[in-house]
Amino acid sequence: MVDVRPYRAHDGAVSPVLFKNGEGCGACYKVRCLDSRICSRRAVTIIVTDECPGGYCSGGKTHFDLSGAAFGRMAVSGYGSSLRNKGEIQVVYRRTKCKYPRKNIAFHVNEGSTDYWLSVLVEFEDGDGDIGSMHIKPATSENWLEMKHIWGANWCIIGGPLKGPFSLKLTTLSTKRTLSARDVIPRNWSPKATYTSRLNFS
């Protein structure tokens with residue numbers, strides 16, 4: 001994903017304490033290296049896209065697993081390779097707002113979705129970046145139906161037959177802000193398609 005806009009070098013994996021069983025997926029952090037010999041004071045902004053594997057991430061530790069490009073951006077000019085080769089470094093970090101310039105929230109219908117099992121991936125959420133709950137309103141319902149969290153920013157509903165268009169409502173995990181996208185997934189939706197709303201958190 002380091003070559004995919006708007007992620008570029010900004011994607012990263014974090015330890016379970018920050019990933020929060022997937023609810024921390026999409027959150028953004030500023031990370032800065034503390035080794036003044038080869039690190040600049042420049043921080044890199046990371047978008048959480050995965051949970052890091054292995055022993056470094058166990059035991060309740062806070063850990064960021066960064067791309068090589070993200071390592072390089074924290075280095076003093078000419079020391080990018082040296083910093084990447086260190087492997088493990090001490091950092092400071094803080095939560096920051098996610099920013100996707102000129103992007104609105106998009107909903108990707110996951111492969112395998114049917115009229116009886118609909119799975120959606122949320123993309124490009126400004127602000128908090130994380131999702132605490134998600135609801136859907138099919139064309140055949142007057143009520144918002146709660147969706148189940150699968151993993152990361154993926155949510156699903158089981159029922160049916162599920163008929164579009166579908167409206168979707170997001171509530172952020174961190175600040176409980178809510179956004180509703182009316183009829184964002186059309187009646188003739190298809191798996192693997194992405195549908196962009198006209199909205200985003202400011």
# chains A, B, ... in the order shown; residues from 1 in each chain; ligands from 1
>>> select_by_dssp(residues="chain A", states="strand (DSSP E)", output="ChimeraX atom specification")
/A:11-14,28-33,44-51,64-66,91-96,106-109,117-123,133-137,145-146,148-151,154-158,166-171,178-185,194-196
>>> select_by_dssp(residues="stretch 33-170 of chain A", states="alpha helix (DSSP H)", output="JSON list (two decimals) with all heavy atoms, in the first residue's frame")
[["chain", "number", "residue", "atom", "x", "y", "z"],
["A", 68, "GLY", "N", 9.32, 0.73, 5.28],
["A", 68, "GLY", "CA", 10.66, 1.27, 5.09],
["A", 68, "GLY", "C", 10.63, 2.74, 4.72],
["A", 68, "GLY", "O", 11.48, 3.52, 5.16],
["A", 69, "ALA", "N", 9.63, 3.12, 3.93],
["A", 69, "ALA", "CA", 9.51, 4.52, 3.53],
["A", 69, "ALA", "C", 9.22, 5.41, 4.73],
["A", 69, "ALA", "O", 9.73, 6.53, 4.83],
["A", 69, "ALA", "CB", 8.42, 4.67, 2.47],
["A", 70, "ALA", "N", 8.40, 4.92, 5.66],
["A", 70, "ALA", "CA", 8.10, 5.71, 6.87],
["A", 70, "ALA", "C", 9.34, 5.86, 7.74],
["A", 70, "ALA", "O", 9.61, 6.93, 8.28],
["A", 70, "ALA", "CB", 6.97, 5.04, 7.65],
["A", 71, "PHE", "N", 10.13, 4.78, 7.86],
["A", 71, "PHE", "CA", 11.41, 4.87, 8.56],
["A", 71, "PHE", "C", 12.27, 5.97, 7.94],
["A", 71, "PHE", "O", 12.84, 6.81, 8.62],
["A", 71, "PHE", "CB", 12.17, 3.54, 8.47],
["A", 71, "PHE", "CG", 12.00, 2.65, 9.66],
["A", 71, "PHE", "CD1", 11.02, 1.69, 9.68],
["A", 71, "PHE", "CD2", 12.85, 2.76, 10.75],
["A", 71, "PHE", "CE1", 10.87, 0.85, 10.77],
["A", 71, "PHE", "CE2", 12.71, 1.93, 11.85],
["A", 71, "PHE", "CZ", 11.71, 0.97, 11.86],
["A", 72, "GLY", "N", 12.38, 5.92, 6.62],
["A", 72, "GLY", "CA", 13.23, 6.87, 5.91],
["A", 72, "GLY", "C", 12.83, 8.32, 6.11],
["A", 72, "GLY", "O", 13.68, 9.21, 6.17],
["A", 73, "ARG", "N", 11.54, 8.58, 6.26],
["A", 73, "ARG", "CA", 11.06, 9.94, 6.42],
["A", 73, "ARG", "C", 11.44, 10.52, 7.78],
["A", 73, "ARG", "O", 11.45, 11.74, 7.96],
["A", 73, "ARG", "CB", 9.55, 10.00, 6.23],
["A", 73, "ARG", "CG", 9.13, 9.80, 4.80],
["A", 73, "ARG", "CD", 7.69, 10.09, 4.57],
["A", 73, "ARG", "NE", 7.33, 9.90, 3.17],
["A", 73, "ARG", "CZ", 6.18, 10.23, 2.64],
["A", 73, "ARG", "NH1", 5.25, 10.78, 3.39],
["A", 73, "ARG", "NH2", 5.94, 10.02, 1.36],
["A", 74, "MET", "N", 11.71, 9.66, 8.76],
["A", 74, "MET", "CA", 12.11, 10.15, 10.08],
["A", 74, "MET", "C", 13.61, 10.41, 10.18],
["A", 74, "MET", "O", 14.08, 10.97, 11.17],
["A", 74, "MET", "CB", 11.69, 9.15, 11.16],
["A", 74, "MET", "CG", 10.20, 9.02, 11.34],
["A", 74, "MET", "SD", 9.74, 8.01, 12.79],
["A", 74, "MET", "CE", 10.32, 6.39, 12.25],
["A", 80, "GLY", "N", 18.72, 7.40, 5.86],
["A", 80, "GLY", "CA", 17.53, 6.57, 5.74],
["A", 80, "GLY", "C", 17.83, 5.09, 5.83],
["A", 80, "GLY", "O", 17.17, 4.34, 6.56],
["A", 81, "SER", "N", 18.87, 4.65, 5.13],
["A", 81, "SER", "CA", 19.24, 3.22, 5.16],
["A", 81, "SER", "C", 19.71, 2.80, 6.54],
["A", 81, "SER", "O", 19.38, 1.71, 7.03],
["A", 81, "SER", "CB", 20.33, 2.93, 4.13],
["A", 81, "SER", "OG", 19.84, 3.12, 2.82],
["A", 82, "SER", "N", 20.49, 3.64, 7.19],
["A", 82, "SER", "CA", 20.98, 3.32, 8.53],
["A", 82, "SER", "C", 19.82, 3.16, 9.51],
["A", 82, "SER", "O", 19.83, 2.24, 10.35],
["A", 82, "SER", "CB", 21.92, 4.42, 9.03],
["A", 82, "SER", "OG", 23.05, 4.53, 8.20],
["A", 83, "LEU", "N", 18.82, 4.01, 9.40],
["A", 83, "LEU", "CA", 17.69, 3.93, 10.31],
["A", 83, "LEU", "C", 16.86, 2.67, 10.03],
["A", 83, "LEU", "O", 16.48, 1.95, 10.97],
["A", 83, "LEU", "CB", 16.82, 5.18, 10.18],
["A", 83, "LEU", "CG", 15.64, 5.29, 11.16],
["A", 83, "LEU", "CD1", 16.12, 5.21, 12.59],
["A", 83, "LEU", "CD2", 14.88, 6.60, 10.93],
["A", 84, "ARG", "N", 16.63, 2.37, 8.77],
["A", 84, "ARG", "CA", 15.88, 1.15, 8.42],
["A", 84, "ARG", "C", 16.60, -0.10, 8.91],
["A", 84, "ARG", "O", 15.97, -1.06, 9.36],
["A", 84, "ARG", "CB", 15.66, 1.09, 6.91],
["A", 84, "ARG", "CG", 14.56, 2.02, 6.41],
["A", 84, "ARG", "CD", 14.20, 1.73, 4.96],
["A", 84, "ARG", "NE", 15.28, 2.07, 4.05],
["A", 84, "ARG", "CZ", 15.44, 3.26, 3.49],
["A", 84, "ARG", "NH1", 14.59, 4.23, 3.75],
["A", 84, "ARG", "NH2", 16.45, 3.49, 2.67],
["A", 85, "ASN", "N", 17.92, -0.09, 8.82],
["A", 85, "ASN", "CA", 18.70, -1.27, 9.21],
["A", 85, "ASN", "C", 18.74, -1.52, 10.72],
["A", 85, "ASN", "O", 19.10, -2.61, 11.16],
["A", 85, "ASN", "CB", 20.13, -1.17, 8.66],
["A", 85, "ASN", "CG", 20.17, -1.33, 7.15],
["A", 85, "ASN", "OD1", 19.27, -1.93, 6.55],
["A", 85, "ASN", "ND2", 21.20, -0.80, 6.52],
["A", 86, "LYS", "N", 18.40, -0.50, 11.51],
["A", 86, "LYS", "CA", 18.39, -0.69, 12.96],
["A", 86, "LYS", "C", 17.27, -1.64, 13.39],
["A", 86, "LYS", "O", 17.37, -2.31, 14.42],
["A", 86, "LYS", "CB", 18.24, 0.66, 13.67],
["A", 86, "LYS", "CG", 19.51, 1.50, 13.64],
["A", 86, "LYS", "CD", 19.31, 2.80, 14.40],
["A", 86, "LYS", "CE", 19.25, 2.57, 15.90],
["A", 86, "LYS", "NZ", 20.54, 2.18, 16.49]]
>>> closest_atom_pairs(of="stretch 67-139 of chain A", to="stretch 152-167 of chain A", cutoff="7 Å", atoms="only C-alpha atoms", output="Markdown table")
| residue | atom | partner | partner_atom | distance |
| --- | --- | --- | --- | --- |
| A:Asp115 | CA | A:Leu162 | CA | 4.8 |
| A:Tyr116 | CA | A:Gly160 | CA | 4.7 |
| A:Trp117 | CA | A:Ile158 | CA | 4.7 |
| A:Leu118 | CA | A:Cys156 | CA | 5.4 |
| A:Ser119 | CA | A:Cys156 | CA | 4.1 |
| A:Val120 | CA | A:Trp155 | CA | 5.4 |
| A:Leu121 | CA | A:Asn154 | CA | 4.4 |
| A:Val122 | CA | A:Ala153 | CA | 5.6 |
| A:Ile136 | CA | A:Ser167 | CA | 5.7 |
| A:Lys137 | CA | A:Ser167 | CA | 5.1 |
| A:Pro138 | CA | A:Phe166 | CA | 4.6 |
| A:Ala139 | CA | A:Gly164 | CA | 5.3 |
>>> atom_distance(atom1="atom CA of A:Lys169", atom2="atom CA of A:Asp128")
15.1 Å
>>> residues_around(residues="A:Thr178", least_positions_apart="5", cutoff="12 Å", atoms="only C-alpha atoms", output="ChimeraX atom specification")
/A:125,127-128,130-135,168-173,199-202
>>> closest_residue(among="A:Asn110, A:Asn143, A:Ser197, A:Gln90", to="A:Ile185", atoms="only C-alpha atoms")
A:Ser197
>>> atom_distance(atom1="atom CA of A:Ile47", atom2="atom CA of A:Gly12")
6.0 Å
>>> residues_around(residues="A:Ser40", least_positions_apart="2", cutoff="7 Å", atoms="only C-alpha atoms", output="PyMOL selection string")
chain A and resi 36+38+42+74-76
>>> write_last_selection(atoms="C-alpha atoms", output="CSV table (one decimal), in the first residue's frame")
chain,number,residue,atom,x,y,z
A,36,SER,CA,19.2,12.1,17.6
A,38,ILE,CA,20.4,9.5,12.7
A,42,ARG,CA,10.4,15.3,11.9
A,74,MET,CA,12.1,10.2,10.1
A,75,ALA,CA,15.8,10.0,9.3
A,76,VAL,CA,18.4,12.8,9.0
>>> atom_distance(atom1="atom CA of A:Trp151", atom2="atom CA of A:Asp50")
9.7 Å
>>> closest_residue(among="A:Ala193, A:Leu66, A:Ala13, A:Ile46", to="A:Glu88", atoms="only C-alpha atoms")
A:Leu66
